[in-house]
>>> print(open('my_file-v6.cif').read())   # mmCIF, C-alpha atoms
data_coords
loop_
_atom_site.group_PDB
_atom_site.id
_atom_site.type_symbol
_atom_site.label_atom_id
_atom_site.label_comp_id
_atom_site.auth_asym_id
_atom_site.auth_seq_id
_atom_site.Cartn_x
_atom_site.Cartn_y
_atom_site.Cartn_z
ATOM 1 C CA ILE I 10 87.732 -146.626 41.478
ATOM 2 C CA SER I 11 88.451 -149.206 38.863
ATOM 3 C CA GLU I 12 88.793 -148.464 35.173
ATOM 4 C CA LYS I 13 85.416 -150.094 34.445
ATOM 5 C CA MET I 14 83.676 -147.943 37.079
ATOM 6 C CA ALA I 15 85.193 -144.766 35.630
ATOM 7 C CA LEU I 16 84.157 -145.773 32.113
ATOM 8 C CA ALA I 17 80.626 -146.613 33.271
ATOM 9 C CA SER I 18 80.357 -143.245 35.042
ATOM 10 C CA LEU I 19 81.540 -141.437 31.925
ATOM 11 C CA VAL I 20 79.029 -143.280 29.741
ATOM 12 C CA PHE I 21 76.226 -142.488 32.199
ATOM 13 C CA ILE I 22 77.102 -138.783 32.238
ATOM 14 C CA VAL I 23 77.318 -138.622 28.439
ATOM 15 C CA VAL I 24 73.970 -140.419 27.985
ATOM 16 C CA PHE I 25 72.239 -138.287 30.606
ATOM 17 C CA SER I 26 73.645 -135.070 29.115
ATOM 18 C CA GLY I 27 72.537 -136.148 25.663
ATOM 19 C CA LYS I 28 69.042 -136.890 26.928
ATOM 20 C CA VAL I 29 68.770 -133.510 28.634
ATOM 21 C CA LEU I 30 70.065 -131.631 25.608
ATOM 22 C CA LEU I 31 68.115 -133.470 22.915
ATOM 23 C CA THR I 32 64.673 -134.051 24.415
ATOM 24 C CA PRO I 33 62.232 -131.200 23.825
ATOM 25 C CA LEU I 34 60.556 -129.601 26.787
ATOM 26 C CA PRO I 35 56.787 -130.063 27.025
ATOM 27 C CA PRO I 36 54.867 -126.800 26.791
ATOM 28 C CA SER I 37 54.372 -125.628 30.300
ATOM 29 C CA SER I 38 51.315 -123.712 31.265
ATOM 30 C CA VAL I 39 51.274 -122.151 34.670
ATOM 31 C CA PRO I 40 47.861 -122.723 36.194
ATOM 32 C CA THR I 41 46.315 -119.602 37.624
ATOM 33 C CA PRO I 42 44.991 -120.070 41.128
ATOM 34 C CA GLN I 43 41.219 -119.879 41.275
ATOM 35 C CA MET I 44 39.793 -118.062 44.268
ATOM 36 C CA PRO I 45 36.335 -119.034 45.423
ATOM 37 C CA ASN I 46 33.797 -116.217 45.350
ATOM 38 C CA ASN I 47 32.502 -116.796 48.861
ATOM 39 C CA VAL I 48 35.844 -116.440 50.662
ATOM 40 C CA PRO I 49 36.156 -112.983 52.228
ATOM 41 C CA MET I 50 39.353 -111.136 51.409
ATOM 42 C CA SER I 51 41.216 -108.981 53.879
ATOM 43 C CA GLY I 52 38.994 -106.048 54.743
ATOM 44 C CA ASP I 53 35.868 -107.686 53.293
ATOM 45 C CA VAL I 54 33.034 -108.525 55.605
ATOM 46 C CA GLY I 55 31.424 -110.985 53.252
ATOM 47 C CA ILE I 56 30.207 -111.637 49.755
ATOM 48 C CA ASN I 57 27.544 -108.959 49.968
ATOM 49 C CA ASN I 58 29.944 -106.197 50.932
ATOM 50 C CA PRO I 59 28.852 -103.006 49.140
ATOM 51 C CA HIS I 60 32.461 -101.688 49.124
ATOM 52 C CA ARG I 61 33.773 -104.737 47.344
ATOM 53 C CA THR I 62 34.969 -103.951 43.842
ATOM 54 C CA PRO I 63 34.267 -106.476 41.124
ATOM 55 C CA PRO I 64 37.315 -108.103 39.572
ATOM 56 C CA PRO I 65 38.569 -106.241 36.499
ATOM 57 C CA ARG I 66 37.286 -107.528 33.198
ATOM 58 C CA ALA I 67 39.707 -108.464 30.504
ATOM 59 C CA PRO I 68 39.640 -106.063 27.576
ATOM 60 C CA PRO I 69 37.588 -107.358 24.652
ATOM 61 C CA GLN I 70 39.393 -108.976 21.753
ATOM 62 C CA TYR I 71 38.677 -107.681 18.237
ATOM 63 C CA ASP I 72 39.793 -108.662 14.796
ATOM 64 C CA LEU I 73 42.524 -106.262 13.710
ATOM 65 C CA GLU I 74 41.412 -106.204 10.076
ATOM 66 C CA HIS I 75 37.849 -105.332 11.099
ATOM 67 C CA ILE I 76 39.002 -102.480 13.354
ATOM 68 C CA TYR I 77 41.294 -101.188 10.598
ATOM 69 C CA LYS I 78 38.426 -101.269 8.094
ATOM 70 C CA LEU I 79 36.217 -99.298 10.505
ATOM 71 C CA GLY I 80 38.891 -96.632 10.861
ATOM 72 C CA TYR I 81 39.501 -96.536 7.119
ATOM 73 C CA ASP I 82 35.794 -96.133 6.417
ATOM 74 C CA ASP I 83 35.594 -93.312 9.006
ATOM 75 C CA ALA I 84 38.504 -91.473 7.407
ATOM 76 C CA HIS I 85 37.181 -92.050 3.888
ATOM 77 C CA SER I 86 33.757 -90.631 4.738
ATOM 78 C CA GLY I 87 35.259 -87.694 6.687
ATOM 79 C CA LYS I 88 34.034 -88.745 10.119
ATOM 80 C CA GLU I 89 35.931 -87.958 13.305
ATOM 81 C CA PHE I 90 38.490 -90.464 14.586
ATOM 82 C CA GLY I 91 36.946 -93.344 16.522
ATOM 83 C CA THR I 92 33.336 -92.714 15.491
ATOM 84 C CA SER I 93 32.640 -96.289 14.395
ATOM 85 C CA LEU I 94 34.739 -97.993 17.040
ATOM 86 C CA PRO I 95 32.921 -99.897 19.787
ATOM 87 C CA GLU I 96 32.794 -98.086 23.129
ATOM 88 C CA GLU I 97 34.655 -100.899 24.862
ATOM 89 C CA MET I 98 37.482 -100.545 22.366
ATOM 90 C CA ILE I 99 37.869 -96.861 23.163
ATOM 91 C CA LYS I 100 37.504 -97.502 26.898
ATOM 92 C CA TYR I 101 40.273 -100.119 26.996
ATOM 93 C CA ASN I 102 42.558 -98.346 24.525
ATOM 94 C CA ALA I 103 45.999 -98.409 26.076
ATOM 95 C CA ALA I 104 47.398 -96.213 23.318
ATOM 96 C CA GLN I 105 45.304 -93.134 24.097
ATOM 97 C CA GLU I 106 47.355 -90.012 24.284
ATOM 98 C CA GLU I 107 47.609 -88.241 27.582
ATOM 99 C CA PRO I 108 47.644 -84.471 27.646
ATOM 100 C CA LEU I 109 51.117 -83.031 27.718
ATOM 101 C CA PRO I 110 52.129 -81.366 30.978
ATOM 102 C CA THR I 111 52.218 -77.621 31.044
ATOM 103 C CA HIS I 112 55.568 -75.893 30.816
ATOM 104 C CA ASP I 113 55.183 -74.471 34.339
ATOM 105 C CA GLN I 114 55.467 -77.960 35.808
ATOM 106 C CA TYR I 115 59.018 -78.328 34.555
ATOM 107 C CA ASP I 116 60.131 -74.726 34.774
ATOM 108 C CA ASP I 117 63.799 -74.938 35.712
ATOM 109 C CA GLY I 118 64.634 -71.324 34.911
ATOM 110 C CA ASN I 119 65.058 -70.277 38.543
ATOM 111 C CA PHE I 120 66.897 -73.362 39.670
ATOM 112 C CA GLU I 121 70.588 -72.912 40.362
ATOM 113 C CA TRP I 122 72.464 -75.920 39.100
ATOM 114 C CA ALA I 123 75.425 -76.893 41.245
ATOM 115 C CA TYR I 124 78.035 -78.455 39.001
ATOM 116 C CA ASN I 125 80.399 -80.644 40.948
ATOM 117 C CA PRO I 126 82.923 -82.136 38.572
ATOM 118 C CA PRO I 127 84.120 -85.598 39.475
ATOM 119 C CA SER I 128 87.370 -85.776 41.328
ATOM 120 C CA PRO I 129 90.372 -86.843 39.282
ATOM 121 C CA PRO I 130 91.296 -90.485 39.575
ATOM 122 C CA PRO I 131 93.984 -91.251 42.129
ATOM 123 C CA PRO I 132 97.436 -91.765 40.677
ATOM 124 C CA LYS I 133 98.241 -95.368 40.002
ATOM 125 C CA SER I 134 100.883 -96.751 42.264
ATOM 126 C CA LYS I 135 102.961 -98.750 39.868
ATOM 127 C CA SER I 136 104.958 -101.489 41.448
ATOM 128 C CA SER I 137 108.098 -101.951 39.388
ATOM 129 C CA LEU I 138 108.693 -105.509 40.590
ATOM 130 C CA GLY I 139 105.395 -107.182 39.834
ATOM 131 C CA MET I 140 104.576 -110.666 38.698
ATOM 132 C CA GLY I 141 105.387 -109.847 35.069
ATOM 133 C CA THR I 142 108.877 -108.710 36.019
ATOM 134 C CA MET I 143 109.358 -111.839 38.093
ATOM 135 C CA PHE I 144 108.338 -114.027 35.137
ATOM 136 C CA SER I 145 110.741 -112.098 32.917
ATOM 137 C CA MET I 146 113.558 -112.696 35.422
ATOM 138 C CA PHE I 147 112.737 -116.397 35.499
ATOM 139 C CA THR I 148 112.709 -116.510 31.680
ATOM 140 C CA LEU I 149 116.139 -114.836 31.536
ATOM 141 C CA TYR I 150 117.441 -117.324 34.096
ATOM 142 C CA ARG I 151 116.185 -120.305 32.042
ATOM 143 C CA PHE I 152 117.585 -118.978 28.762
ATOM 144 C CA GLY I 153 120.874 -118.060 30.418
ATOM 145 C CA LYS I 154 121.139 -121.506 31.986
ATOM 146 C CA ASP I 155 120.457 -123.168 28.621
ATOM 147 C CA THR I 156 123.044 -120.921 26.958
ATOM 148 C CA VAL I 157 125.943 -121.676 29.346
ATOM 149 C CA THR I 158 125.201 -125.369 29.938
ATOM 150 C CA SER I 159 126.860 -127.931 27.690
ATOM 151 C CA PRO I 160 125.094 -131.127 26.559
ATOM 152 C CA ASP I 161 126.827 -133.155 29.261
ATOM 153 C CA GLY I 162 125.449 -130.817 32.017
ATOM 154 C CA SER I 163 128.637 -128.910 32.831
ATOM 155 C CA ILE I 164 128.708 -125.113 32.904
ATOM 156 C CA VAL I 165 130.824 -123.552 30.130
ATOM 157 C CA LEU I 166 131.670 -119.849 30.526
ATOM 158 C CA ASP I 167 133.783 -119.608 27.374
ATOM 159 C CA PRO I 168 132.594 -116.514 25.389
ATOM 160 C CA ALA I 169 133.042 -118.321 22.047
ATOM 161 C CA TYR I 170 130.744 -121.154 23.260
ATOM 162 C CA VAL I 171 128.117 -118.670 24.548
ATOM 163 C CA ILE I 172 128.120 -116.726 21.236
ATOM 164 C CA ALA I 173 127.848 -119.993 19.277
ATOM 165 C CA GLN I 174 124.880 -121.032 21.441
ATOM 166 C CA LEU I 175 123.181 -117.633 20.872
ATOM 167 C CA ARG I 176 123.682 -117.903 17.096
ATOM 168 C CA ASN I 177 122.145 -121.383 17.052
ATOM 169 C CA MET I 178 119.163 -120.357 19.203
ATOM 170 C CA GLU I 179 115.698 -120.125 17.549
ATOM 171 C CA PRO I 180 114.545 -116.588 16.633
ATOM 172 C CA TRP I 181 111.436 -116.766 18.835
ATOM 173 C CA ARG I 182 113.592 -117.563 21.870
ATOM 174 C CA LEU I 183 115.878 -114.625 21.083
ATOM 175 C CA GLY I 184 112.856 -112.313 20.771
ATOM 176 C CA LEU I 185 111.393 -113.547 24.027
ATOM 177 C CA MET I 186 114.756 -113.099 25.744
ATOM 178 C CA GLY I 187 115.017 -109.550 24.363
ATOM 179 C CA MET I 188 111.532 -108.592 25.628
ATOM 180 C CA SER I 189 112.239 -110.126 29.029
ATOM 181 C CA LEU I 190 115.558 -108.270 29.249
ATOM 182 C CA TYR I 191 113.838 -104.985 28.361
ATOM 183 C CA ARG I 192 111.172 -105.528 31.006
ATOM 184 C CA VAL I 193 113.696 -106.330 33.756
ATOM 185 C CA VAL I 194 115.948 -103.391 32.844
ATOM 186 C CA SER I 195 113.024 -100.924 32.728
ATOM 187 C CA ALA I 196 111.709 -102.201 36.098
ATOM 188 C CA LEU I 197 115.106 -101.912 37.727
ATOM 189 C CA SER I 198 115.741 -98.466 36.226
ATOM 190 C CA SER I 199 112.486 -97.152 37.738
ATOM 191 C CA LEU I 200 113.805 -98.020 41.209
ATOM 192 C CA PHE I 201 116.670 -95.554 40.911
#
>>> encode(input="my_file-v6.cif", output="C-alpha cells")
Amino acid sequence: ISEKMALASLVFIVVFSGKVLLTPLPPSSVPTPQMPNNVPMSGDVGINNPHRTPPPRAPPQYDLEHIYKLGYDDAHSGKEFGTSLPEEMIKYNAAQEEPLPTHDQYDDGNFEWAYNPPSPPPPKSKSSLGMGTMFSMFTLYRFGKDTVTSPDGSIVLDPAYVIAQLRNMEPWRLGLMGMSLYRVVSALSSLF
C-alpha cells in the first residue's frame, strides 16, 4: 500500500466514523403486524367459532387530574373509595391489592432445616518461582550488568568501581533493585 492509499483510507474511516457518531437516528417505530379477521388461527374452525375469544381491549385512558379530582371529591364528601370512578377504571386497575395469603400457606414451623455450611476453600498452591520472580531476576541481571560494565563495554569487577556506580545510580533504580532483590530472596527462601 502506498502512502497516499493509507492516508485516503484513514480519511475515509475518520469521515465515516464522524458521520455515524454525529448524525441523529430517525425515530423508529416498529410496525405491529396486522392479522386479518377471517384467517383461522390454530384450533379455530372459522370466523364464527363460538369458542373463539375476542382480542383483549386496551384499558381506557383517563386524564389523571380528573381521576384525582373524583377521588378527592369522594373523600371530601365521605364516600367509599372508588365510588365515583368509572367501572372500566376499576376493572382495569392494575394496582388493586390482592388478599394476603394465610399464615398456614407458609407455615415452616415443622420443617427441619438442613444447614450445610460451604466447604472451606482449597489451599492456594503458591508457586515460588512465578512470572513476577522471573521478572525480578531479569531486573537484577540488567542492573547488575549496568553496574559492572564500564562505558567502553568491558566488565570491571573492582569493588571501588561497583560502589561508585551504585552511589551514582538514580534513587528509583536503587528502590526497584531493592524490591526485586527482596522478591527473589523470599522466593528462593520458600524453596528450602
>>> axis_aligned_box(input="my_file-v6.cif", around="range 152-166 of chain I", padding_each_side="6 Å", output="JSON")
{"center_x": 124.6, "center_y": -125.6, "center_z": 29.7, "size_x": 26.1, "size_y": 27.1, "size_z": 18.3}
>>> resolve_selection(input="my_file-v6.cif", expression="the PyMOL selection byres ((chain I and resi 151-166) around 10)", output="PyMOL selection string")
chain I and resi 145-150+167-175+177-178+182-183+185-186
>>> atom_distance(input="my_file-v6.cif", atom1="CA of Leu19 in chain I", atom2="CA of Leu31 in chain I")
18.0 Å
>>> closest_residue(input="my_file-v6.cif", among="I:Ser195, I:Ala17, I:Leu200, I:Asp83", to="Thr142 in chain I", atoms="all atoms listed in the file")
I:Ser195
>>> resolve_selection(input="my_file-v6.cif", expression="the PyMOL selection byres ((chain I and resi 141) around 12)", output="MDAnalysis selection string")
chainID I and resid 136:140 142:148 188:193 195:196
>>> closest_residue(input="my_file-v6.cif", among="I:Pro131, I:Gly184, I:Pro95, I:Pro35", to="Gly80 in chain I", atoms="all atoms listed in the file")
I:Pro95
>>> atom_distance(input="my_file-v6.cif", atom1="CA of Ala84 in chain I", atom2="CA of Glu96 in chain I")
18.0 Å
>>> atom_distance(input="my_file-v6.cif", atom1="CA of Leu34 in chain I", atom2="CA of Leu16 in chain I")
29.1 Å
>>> decode(input="my_file-v6.cif", residues="range 169-180 of chain I", atoms="all heavy atoms", output="CSV table (one decimal), in the first residue's frame")
chain,number,residue,atom,x,y,z
I,169,ALA,N,35.7,-0.9,44.3
I,169,ALA,CA,35.6,0.6,44.3
I,169,ALA,C,34.8,1.1,43.2
I,169,ALA,O,33.9,2.1,43.3
I,169,ALA,CB,37.0,1.2,44.3
I,170,TYR,N,34.9,0.5,42.0
I,170,TYR,CA,34.2,1.0,40.8
I,170,TYR,C,32.7,0.6,41.0
I,170,TYR,O,31.8,1.4,40.7
I,170,TYR,CB,34.7,0.3,39.5
I,170,TYR,CG,34.0,0.7,38.3
I,170,TYR,CD1,34.2,1.9,37.7
I,170,TYR,CD2,33.1,-0.2,37.7
I,170,TYR,CE1,33.5,2.3,36.5
I,170,TYR,CE2,32.4,0.1,36.6
I,170,TYR,CZ,32.6,1.4,36.0
I,170,TYR,OH,31.9,1.7,34.8
I,171,VAL,N,32.4,-0.6,41.5
I,171,VAL,CA,31.0,-1.0,41.7
I,171,VAL,C,30.3,-0.1,42.7
I,171,VAL,O,29.2,0.3,42.5
I,171,VAL,CB,30.9,-2.5,42.1
I,171,VAL,CG1,29.5,-2.9,42.5
I,171,VAL,CG2,31.4,-3.4,41.0
I,172,ILE,N,31.0,0.2,43.8
I,172,ILE,CA,30.4,1.1,44.8
I,172,ILE,C,30.2,2.5,44.2
I,172,ILE,O,29.2,3.2,44.5
I,172,ILE,CB,31.3,1.1,46.1
I,172,ILE,CG1,31.2,-0.2,46.8
I,172,ILE,CG2,30.8,2.2,47.0
I,172,ILE,CD1,32.1,-0.4,47.9
I,173,ALA,N,31.1,3.0,43.5
I,173,ALA,CA,31.0,4.3,42.8
I,173,ALA,C,29.8,4.3,41.9
I,173,ALA,O,29.0,5.3,41.8
I,173,ALA,CB,32.2,4.7,42.1
I,174,GLN,N,29.6,3.2,41.1
I,174,GLN,CA,28.4,3.1,40.2
I,174,GLN,C,27.1,3.1,41.0
I,174,GLN,O,26.1,3.7,40.6
I,174,GLN,CB,28.5,1.9,39.4
I,174,GLN,CG,29.5,1.9,38.3
I,174,GLN,CD,29.1,2.8,37.2
I,174,GLN,OE1,29.4,4.0,37.2
I,174,GLN,NE2,28.4,2.3,36.2
I,175,LEU,N,27.1,2.4,42.2
I,175,LEU,CA,25.9,2.3,43.0
I,175,LEU,C,25.5,3.7,43.6
I,175,LEU,O,24.4,4.0,43.7
I,175,LEU,CB,26.0,1.3,44.1
I,175,LEU,CG,26.0,-0.2,43.6
I,175,LEU,CD1,26.3,-1.1,44.8
I,175,LEU,CD2,24.6,-0.5,43.0
I,176,ARG,N,26.6,4.5,44.0
I,176,ARG,CA,26.3,5.8,44.5
I,176,ARG,C,25.8,6.8,43.5
I,176,ARG,O,25.1,7.7,43.8
I,176,ARG,CB,27.6,6.3,45.2
I,176,ARG,CG,27.9,5.6,46.5
I,176,ARG,CD,29.0,6.3,47.2
I,176,ARG,NE,29.3,5.6,48.5
I,176,ARG,CZ,30.3,5.7,49.2
I,176,ARG,NH1,31.3,6.6,48.9
I,176,ARG,NH2,30.5,5.0,50.3
I,177,ASN,N,26.2,6.6,42.3
I,177,ASN,CA,25.8,7.5,41.2
I,177,ASN,C,24.5,7.1,40.6
I,177,ASN,O,23.9,7.8,39.7
I,177,ASN,CB,26.9,7.6,40.1
I,177,ASN,CG,28.1,8.3,40.6
I,177,ASN,OD1,28.0,9.2,41.4
I,177,ASN,ND2,29.2,8.0,40.0
I,178,MET,N,23.9,5.9,41.0
I,178,MET,CA,22.7,5.4,40.4
I,178,MET,C,21.5,6.2,40.9
I,178,MET,O,21.5,6.7,42.0
I,178,MET,CB,22.5,3.9,40.7
I,178,MET,CG,21.5,3.2,39.9
I,178,MET,SD,21.5,1.4,40.3
I,178,MET,CE,22.9,0.9,39.5
I,179,GLU,N,20.5,6.4,40.1
I,179,GLU,CA,19.3,7.1,40.4
I,179,GLU,C,18.6,6.4,41.6
I,179,GLU,O,18.6,5.2,41.7
I,179,GLU,CB,18.3,7.2,39.3
I,179,GLU,CG,18.8,8.1,38.1
I,179,GLU,CD,19.5,7.2,37.1
I,179,GLU,OE1,19.7,6.0,37.3
I,179,GLU,OE2,19.9,7.8,36.0
I,180,PRO,N,17.9,7.2,42.5
I,180,PRO,CA,17.2,6.5,43.6
I,180,PRO,C,16.1,5.6,43.2
I,180,PRO,O,15.9,4.5,43.8
I,180,PRO,CB,16.6,7.7,44.4
I,180,PRO,CG,17.3,8.9,43.9
I,180,PRO,CD,17.8,8.6,42.5
